[in-house]
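Peer 1: One structure follows; several queries about it will come next.
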Amino acid sequence: MKKGLGKGLDALLFDNATDDVLTEGPIRTVSLQSVEPNRKQPRKYFDKEALQVLADSIAVNGLLQPWVVRAAEGGRYQIISGERRWRACRMAGLQEIPVVVREEDDRAALELGLIENLQREDLNVVEEAEGYRELMTVYSMTQEQVAAKVGKSRPAVANALRILALPESVLTLVLNGSLSSGHARALLPLCDALSADEVCRVAKEVADKNLSVRETEALVRSRLGKKTPRPVKKKDVYLSELEHAMTRSFGRKVKISAPKGKAKGKVELEFYNTDDLNDLIARLIPEEGE
């Protein structure tokens, strides 16, 4: 272990390790160069200034918690939890780092990494939504199951997933910090009324003019125009229960419209981007022989 990490590092590591189920187990020291990130983890954007602050802290105070990794080919290790610290340690010039090695297959490692990241509060809203979607599509989890895994409510998961309805270029603005999560949510109503290109233009205007969330909401209202709110119709109890059951089954919002007195209607299923649509189609239209 590098000298600059401090004499009390071992005690700090063990004290902190007991607070996290993921870090239970013996701690070993490995070369930083032998550790690589998991490319499928939800965090995609790392703020350089924040990383530098963390790197400076690590250089002075050392690491307070080991990384969780699994063995990879060629004597290397893949990160299950701790990529942000891995990047900061590289910036701080560390040569060796403490890790807990867990024996996990691809599926378990990805699930553990996703859940650990989603339980943190510092994920970008887009990264959070993509993490939820990954759990739903890769592991066929419902929104309720995802919520239980990460310790959040089902409505919180459903609201987070709605962000993925925004065009990719708008999501990129949120990822790189040009727009906040509040801006993204304020822009969502435009997705039902304008084309993707028009939504992108409004989002770029918000970013270029550095509008506040409240100013963005006003801009969205002006683009939508004033509309008389529709009276809320009380839905049949059976249809409401059916909607809820289908939402649980498909892991997405389902809306059933059936005018009273008529024997026809429609079922609407939400999807959040092209990949999610393809996954939904695969579930609805299985290949022959399945």
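Following the order of the structure tokens, chains are lettered A, B, ..., residues in each are numbered from 1, and ligands are numbered from 1.
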Identify, on the basis of only C-alpha atoms, every residue whose closest approach to Leu173 (chain A) does not exceed 10 Å; exclude the query and any residue fewer than 5 positions from it along the same chain; express the result as a list in words.

Peer 2: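 Answer for this query is Glu168, Ser178, Leu179, Ser180, Ala184, Cys200, Ala203, Lys204 and Ala207 of chain A.
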
Peer 1: Determine the nearest neighbour of Gln33 (chain A) from the options A:Gly265, A:Gly251, A:Gly75, A:Pro66, counting only C-alpha atoms.

Peer 2: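 Checking each candidate against Gln33 (chain A), we get A:Gly75 as the closest.
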
Peer 1: Within 8 Å of Leu171 (chain A), counting only C-alpha atoms, which residues show up once you throw out same-chain ones fewer than 5 positions away? Write them as a JSON list (two decimals) with C-alpha atoms, in the first residue's frame, please.

Peer 2:
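Ended up saving to around_37.json:
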```
[["chain", "number", "residue", "atom", "x", "y", "z"],
["A", 126, "VAL", "CA", -30.75, 9.86, -17.05],
["A", 164, "LEU", "CA", -36.28, 8.37, -21.34],
["A", 166, "LEU", "CA", -37.03, 12.69, -24.32],
["A", 184, "ALA", "CA", -35.76, 17.58, -18.26]]
```

Peer 1: With only C-alpha atoms as the counted atoms, please give the residues lying no more than 12 Å from Ser31 (chain A), apart from itself and same-chain residues fewer than 3 positions off, as a ChimeraX atom specification.

Peer 2: /A:1-2,28,34-36,75-77,86,89-90,93-99

Peer 1: Please produce an output containing N, CA and C atoms for each residue in the selection, written as a PDB file, in the first residue's frame.

Peer 2:
```pdb
ATOM      1  N   MET A   1       0.846  -1.196   0.000  1.00  0.00           N
ATOM      2  CA  MET A   1       0.000   0.000   0.000  1.00  0.00           C
ATOM      3  C   MET A   1       0.875   1.237   0.000  1.00  0.00           C
ATOM      4  N   LYS A   2       0.533   2.236  -0.753  1.00  0.00           N
ATOM      5  CA  LYS A   2       1.325   3.447  -0.872  1.00  0.00           C
ATOM      6  C   LYS A   2       1.377   4.206   0.440  1.00  0.00           C
ATOM      7  N   ARG A  28      -7.926  -7.405   0.040  1.00  0.00           N
ATOM      8  CA  ARG A  28      -6.580  -7.626  -0.471  1.00  0.00           C
ATOM      9  C   ARG A  28      -6.114  -6.387  -1.239  1.00  0.00           C
ATOM     10  N   SER A  34      -4.362  -3.374 -12.765  1.00  0.00           N
ATOM     11  CA  SER A  34      -4.990  -4.682 -13.028  1.00  0.00           C
ATOM     12  C   SER A  34      -6.517  -4.614 -12.919  1.00  0.00           C
ATOM     13  N   VAL A  35      -7.054  -3.425 -12.609  1.00  0.00           N
ATOM     14  CA  VAL A  35      -8.490  -3.271 -12.404  1.00  0.00           C
ATOM     15  C   VAL A  35      -9.099  -2.497 -13.566  1.00  0.00           C
ATOM     16  N   GLU A  36     -10.232  -2.976 -14.057  1.00  0.00           N
ATOM     17  CA  GLU A  36     -10.909  -2.309 -15.172  1.00  0.00           C
ATOM     18  C   GLU A  36     -12.387  -2.133 -14.846  1.00  0.00           C
ATOM     19  N   GLY A  75      -5.585 -12.622 -14.887  1.00  0.00           N
ATOM     20  CA  GLY A  75      -5.192 -12.091 -13.599  1.00  0.00           C
ATOM     21  C   GLY A  75      -5.681 -10.676 -13.331  1.00  0.00           C
ATOM     22  N   ARG A  76      -6.656 -10.234 -14.114  1.00  0.00           N
ATOM     23  CA  ARG A  76      -7.196  -8.892 -13.947  1.00  0.00           C
ATOM     24  C   ARG A  76      -8.482  -8.946 -13.118  1.00  0.00           C
ATOM     25  N   TYR A  77      -9.016  -7.759 -12.791  1.00  0.00           N
ATOM     26  CA  TYR A  77     -10.236  -7.650 -11.993  1.00  0.00           C
ATOM     27  C   TYR A  77     -11.187  -6.654 -12.655  1.00  0.00           C
ATOM     28  N   TRP A  86     -12.122   4.624  -8.684  1.00  0.00           N
ATOM     29  CA  TRP A  86     -11.060   4.111  -9.551  1.00  0.00           C
ATOM     30  C   TRP A  86     -10.489   5.229 -10.415  1.00  0.00           C
ATOM     31  N   CYS A  89      -8.549   7.650  -8.191  1.00  0.00           N
ATOM     32  CA  CYS A  89      -7.271   7.092  -7.766  1.00  0.00           C
ATOM     33  C   CYS A  89      -6.224   7.186  -8.877  1.00  0.00           C
ATOM     34  N   ARG A  90      -6.664   7.000 -10.101  1.00  0.00           N
ATOM     35  CA  ARG A  90      -5.735   7.160 -11.223  1.00  0.00           C
ATOM     36  C   ARG A  90      -5.247   8.598 -11.305  1.00  0.00           C
ATOM     37  N   GLY A  93      -2.667   9.309  -8.714  1.00  0.00           N
ATOM     38  CA  GLY A  93      -1.384   8.652  -8.914  1.00  0.00           C
ATOM     39  C   GLY A  93      -1.147   7.427  -8.067  1.00  0.00           C
ATOM     40  N   LEU A  94      -2.215   6.809  -7.535  1.00  0.00           N
ATOM     41  CA  LEU A  94      -2.049   5.605  -6.721  1.00  0.00           C
ATOM     42  C   LEU A  94      -1.600   4.433  -7.594  1.00  0.00           C
ATOM     43  N   GLN A  95      -0.802   3.559  -7.006  1.00  0.00           N
ATOM     44  CA  GLN A  95      -0.321   2.371  -7.709  1.00  0.00           C
ATOM     45  C   GLN A  95      -1.045   1.109  -7.259  1.00  0.00           C
ATOM     46  N   GLU A  96      -1.470   1.086  -5.996  1.00  0.00           N
ATOM     47  CA  GLU A  96      -2.150  -0.078  -5.436  1.00  0.00           C
ATOM     48  C   GLU A  96      -3.414   0.371  -4.720  1.00  0.00           C
ATOM     49  N   ILE A  97      -4.409  -0.510  -4.717  1.00  0.00           N
ATOM     50  CA  ILE A  97      -5.684  -0.165  -4.091  1.00  0.00           C
ATOM     51  C   ILE A  97      -6.251  -1.385  -3.354  1.00  0.00           C
ATOM     52  N   PRO A  98      -7.095  -1.156  -2.332  1.00  0.00           N
ATOM     53  CA  PRO A  98      -7.707  -2.268  -1.588  1.00  0.00           C
ATOM     54  C   PRO A  98      -8.997  -2.728  -2.266  1.00  0.00           C
ATOM     55  N   VAL A  99      -9.201  -4.018  -2.354  1.00  0.00           N
ATOM     56  CA  VAL A  99     -10.407  -4.551  -2.987  1.00  0.00           C
ATOM     57  C   VAL A  99     -10.959  -5.728  -2.188  1.00  0.00           C
TER      58      VAL A  99
END
```

Peer 1: Write out as a list in words the residues lying within 9 Å of Val220 (chain A), counting only C-alpha atoms and excluding same-chain residues fewer than 4 positions away.

Peer 2: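 Selected residues are Ala186, Leu187, Pro189, Leu190, Val202, Glu215, Thr216, Leu224 and Gly225 of chain A.
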
Peer 1: Pick the closest to Leu161 (chain A) from A:Arg84, A:Lys253, A:Lys149, A:His183: which is it, counting only C-alpha atoms?

Peer 2: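 Comparing A:Arg84, A:Lys253, A:Lys149, A:His183 against Leu161 (chain A), the winner is A:Lys253.
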
Peer 1: Out of region 98-285 of chain A, which residues get strand (DSSP E) from DSSP, as a VMD selection string?

Peer 2: chain A and resid 98 to 101 254 to 257 266 to 269

Peer 1: Considering only helix (DSSP H, G or I) as DSSP defines it on the backbone, what residues of region 68-236 of chain A qualify? List them as a PyMOL selection string.

Peer 2: chain A and resi 73-75+83-92+106-118+125-138+143-150+154-165+168-175+181-192+196-208+213-224

Peer 1: Deliver the residues from the most recent selection as a file, using C-alpha atoms, as an mmCIF file, in the first residue's frame.

Peer 2:
```cif
data_model
loop_
_atom_site.group_PDB
_atom_site.id
_atom_site.type_symbol
_atom_site.label_atom_id
_atom_site.label_comp_id
_atom_site.auth_asym_id
_atom_site.auth_seq_id
_atom_site.Cartn_x
_atom_site.Cartn_y
_atom_site.Cartn_z
ATOM 1 C CA GLU A 73 -9.211 -13.115 -17.416
ATOM 2 C CA GLY A 74 -5.439 -12.784 -17.319
ATOM 3 C CA GLY A 75 -5.192 -12.091 -13.599
ATOM 4 C CA GLU A 83 -15.614 3.162 -10.777
ATOM 5 C CA ARG A 84 -15.720 6.811 -9.651
ATOM 6 C CA ARG A 85 -13.093 6.091 -6.989
ATOM 7 C CA TRP A 86 -11.060 4.111 -9.551
ATOM 8 C CA ARG A 87 -10.928 7.152 -11.832
ATOM 9 C CA ALA A 88 -10.047 9.440 -8.926
ATOM 10 C CA CYS A 89 -7.271 7.092 -7.766
ATOM 11 C CA ARG A 90 -5.735 7.160 -11.223
ATOM 12 C CA MET A 91 -5.787 10.963 -11.102
ATOM 13 C CA ALA A 92 -4.215 10.854 -7.624
ATOM 14 C CA ASP A 106 -21.847 -11.798 -15.549
ATOM 15 C CA ARG A 107 -25.510 -11.521 -14.634
ATOM 16 C CA ALA A 108 -24.997 -11.249 -10.872
ATOM 17 C CA ALA A 109 -22.097 -8.792 -11.245
ATOM 18 C CA LEU A 110 -24.122 -6.466 -13.456
ATOM 19 C CA GLU A 111 -27.150 -6.672 -11.182
ATOM 20 C CA LEU A 112 -25.074 -5.932 -8.064
ATOM 21 C CA GLY A 113 -23.305 -3.030 -9.754
ATOM 22 C CA LEU A 114 -26.553 -1.551 -11.038
ATOM 23 C CA ILE A 115 -28.315 -1.813 -7.692
ATOM 24 C CA GLU A 116 -25.335 -0.408 -5.753
ATOM 25 C CA ASN A 117 -25.148 2.594 -8.073
ATOM 26 C CA LEU A 118 -28.910 3.148 -8.097
ATOM 27 C CA VAL A 125 -31.385 11.376 -13.608
ATOM 28 C CA VAL A 126 -30.752 9.855 -17.055
ATOM 29 C CA GLU A 127 -28.238 7.348 -15.670
ATOM 30 C CA GLU A 128 -30.751 6.455 -12.971
ATOM 31 C CA ALA A 129 -33.529 5.866 -15.512
ATOM 32 C CA GLU A 130 -31.256 3.809 -17.757
ATOM 33 C CA GLY A 131 -30.244 1.719 -14.757
ATOM 34 C CA TYR A 132 -33.887 0.970 -13.941
ATOM 35 C CA ARG A 133 -34.568 0.092 -17.569
ATOM 36 C CA GLU A 134 -31.558 -2.229 -17.616
ATOM 37 C CA LEU A 135 -32.885 -4.130 -14.599
ATOM 38 C CA MET A 136 -36.308 -4.378 -16.261
ATOM 39 C CA THR A 137 -35.102 -5.489 -19.689
ATOM 40 C CA VAL A 138 -32.110 -7.689 -18.812
ATOM 41 C CA GLN A 143 -41.302 -1.694 -11.689
ATOM 42 C CA GLU A 144 -42.351 -3.001 -8.268
ATOM 43 C CA GLN A 145 -39.433 -5.452 -8.205
ATOM 44 C CA VAL A 146 -36.958 -2.775 -9.255
ATOM 45 C CA ALA A 147 -38.314 -0.427 -6.579
ATOM 46 C CA ALA A 148 -37.910 -3.135 -3.932
ATOM 47 C CA LYS A 149 -34.339 -3.884 -5.047
ATOM 48 C CA VAL A 150 -33.170 -0.258 -4.822
ATOM 49 C CA ARG A 154 -42.767 2.259 -7.531
ATOM 50 C CA PRO A 155 -44.029 5.770 -8.488
ATOM 51 C CA ALA A 156 -40.470 7.091 -8.017
ATOM 52 C CA VAL A 157 -39.152 4.456 -10.435
ATOM 53 C CA ALA A 158 -41.985 5.103 -12.915
ATOM 54 C CA ASN A 159 -41.386 8.873 -12.820
ATOM 55 C CA ALA A 160 -37.656 8.374 -13.365
ATOM 56 C CA LEU A 161 -38.294 6.172 -16.409
ATOM 57 C CA ARG A 162 -40.430 8.896 -18.012
ATOM 58 C CA ILE A 163 -37.252 10.905 -18.662
ATOM 59 C CA LEU A 164 -36.279 8.374 -21.340
ATOM 60 C CA ALA A 165 -39.162 9.618 -23.500
ATOM 61 C CA GLU A 168 -31.419 11.326 -27.303
ATOM 62 C CA SER A 169 -29.878 14.744 -27.959
ATOM 63 C CA VAL A 170 -31.866 16.194 -25.043
ATOM 64 C CA LEU A 171 -30.777 13.339 -22.780
ATOM 65 C CA THR A 172 -27.181 14.135 -23.754
ATOM 66 C CA LEU A 173 -27.675 17.735 -22.565
ATOM 67 C CA VAL A 174 -28.868 16.361 -19.226
ATOM 68 C CA LEU A 175 -25.953 13.917 -19.007
ATOM 69 C CA SER A 181 -33.238 16.968 -14.020
ATOM 70 C CA GLY A 182 -35.785 19.729 -13.308
ATOM 71 C CA HIS A 183 -35.344 21.089 -16.824
ATOM 72 C CA ALA A 184 -35.760 17.583 -18.261
ATOM 73 C CA ARG A 185 -39.024 17.011 -16.409
ATOM 74 C CA ALA A 186 -40.299 20.437 -17.460
ATOM 75 C CA LEU A 187 -39.658 19.521 -21.125
ATOM 76 C CA LEU A 188 -41.492 16.174 -20.972
ATOM 77 C CA PRO A 189 -44.980 17.527 -21.882
ATOM 78 C CA LEU A 190 -43.560 18.620 -25.250
ATOM 79 C CA CYS A 191 -42.926 14.996 -26.248
ATOM 80 C CA ASP A 192 -46.663 14.367 -26.715
ATOM 81 C CA ALA A 196 -38.422 15.185 -31.651
ATOM 82 C CA ASP A 197 -36.606 17.888 -33.627
ATOM 83 C CA GLU A 198 -38.850 20.593 -32.175
ATOM 84 C CA VAL A 199 -38.315 19.305 -28.630
ATOM 85 C CA CYS A 200 -34.548 19.379 -29.252
ATOM 86 C CA ARG A 201 -34.742 22.975 -30.447
ATOM 87 C CA VAL A 202 -36.622 24.039 -27.314
ATOM 88 C CA ALA A 203 -34.130 22.181 -25.100
ATOM 89 C CA LYS A 204 -31.181 23.848 -26.848
ATOM 90 C CA GLU A 205 -32.851 27.233 -26.380
ATOM 91 C CA VAL A 206 -33.202 26.534 -22.653
ATOM 92 C CA ALA A 207 -29.530 25.528 -22.403
ATOM 93 C CA ASP A 208 -28.215 28.403 -24.536
ATOM 94 C CA VAL A 213 -36.654 25.561 -14.391
ATOM 95 C CA ARG A 214 -39.530 27.971 -13.789
ATOM 96 C CA GLU A 215 -38.677 29.887 -16.976
ATOM 97 C CA THR A 216 -38.497 26.565 -18.831
ATOM 98 C CA GLU A 217 -41.971 25.616 -17.589
ATOM 99 C CA ALA A 218 -43.289 28.955 -18.852
ATOM 100 C CA LEU A 219 -41.602 28.400 -22.223
ATOM 101 C CA VAL A 220 -43.142 24.922 -22.498
ATOM 102 C CA ARG A 221 -46.601 26.325 -21.708
ATOM 103 C CA SER A 222 -46.176 28.935 -24.422
ATOM 104 C CA ARG A 223 -45.168 26.242 -26.952
ATOM 105 C CA LEU A 224 -48.151 24.088 -26.024
#
```

Peer 1: Please measure the separation of CA of Val68 (chain A) and CA of Pro37 (chain A), giving the value in Å to one decimal.

Peer 2: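 Interatomic distance, CA of Val68 (chain A) to CA of Pro37 (chain A): 11.0 Å.
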
Peer 1: Might you pull out every residue within 12 Å of Glu241 (chain A), with only C-alpha atoms counted and same-chain residues fewer than 6 positions away left off, and present them as a tab-separated table (two decimals) with N, CA and C atoms, in the first residue's frame?

Peer 2:
```
chain	number	residue	atom	x	y	z
A	235	LYS	N	-62.88	5.88	-14.14
A	235	LYS	CA	-62.66	4.65	-14.90
A	235	LYS	C	-63.30	3.46	-14.21
A	247	THR	N	-49.47	-3.28	-16.05
A	247	THR	CA	-48.32	-2.44	-15.75
A	247	THR	C	-47.27	-3.23	-14.99
A	248	ARG	N	-47.71	-4.03	-14.02
A	248	ARG	CA	-46.79	-4.87	-13.26
A	248	ARG	C	-46.13	-5.92	-14.17
A	254	VAL	N	-49.30	1.16	-18.57
A	254	VAL	CA	-50.29	0.65	-19.52
A	254	VAL	C	-51.59	1.43	-19.33
A	255	LYS	N	-52.18	1.89	-20.42
A	255	LYS	CA	-53.43	2.64	-20.36
A	255	LYS	C	-54.48	1.93	-21.23
A	256	ILE	N	-55.65	1.68	-20.64
A	256	ILE	CA	-56.74	1.03	-21.37
A	256	ILE	C	-57.89	2.02	-21.53
```

Peer 1: Pick from A:Lys264, A:Asp56, A:Phe250, A:Pro259: nearest to Asp276 (chain A), with only C-alpha atoms counted?

Peer 2: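 Looking at the shortest contact to Asp276 (chain A), the residue is A:Phe250.
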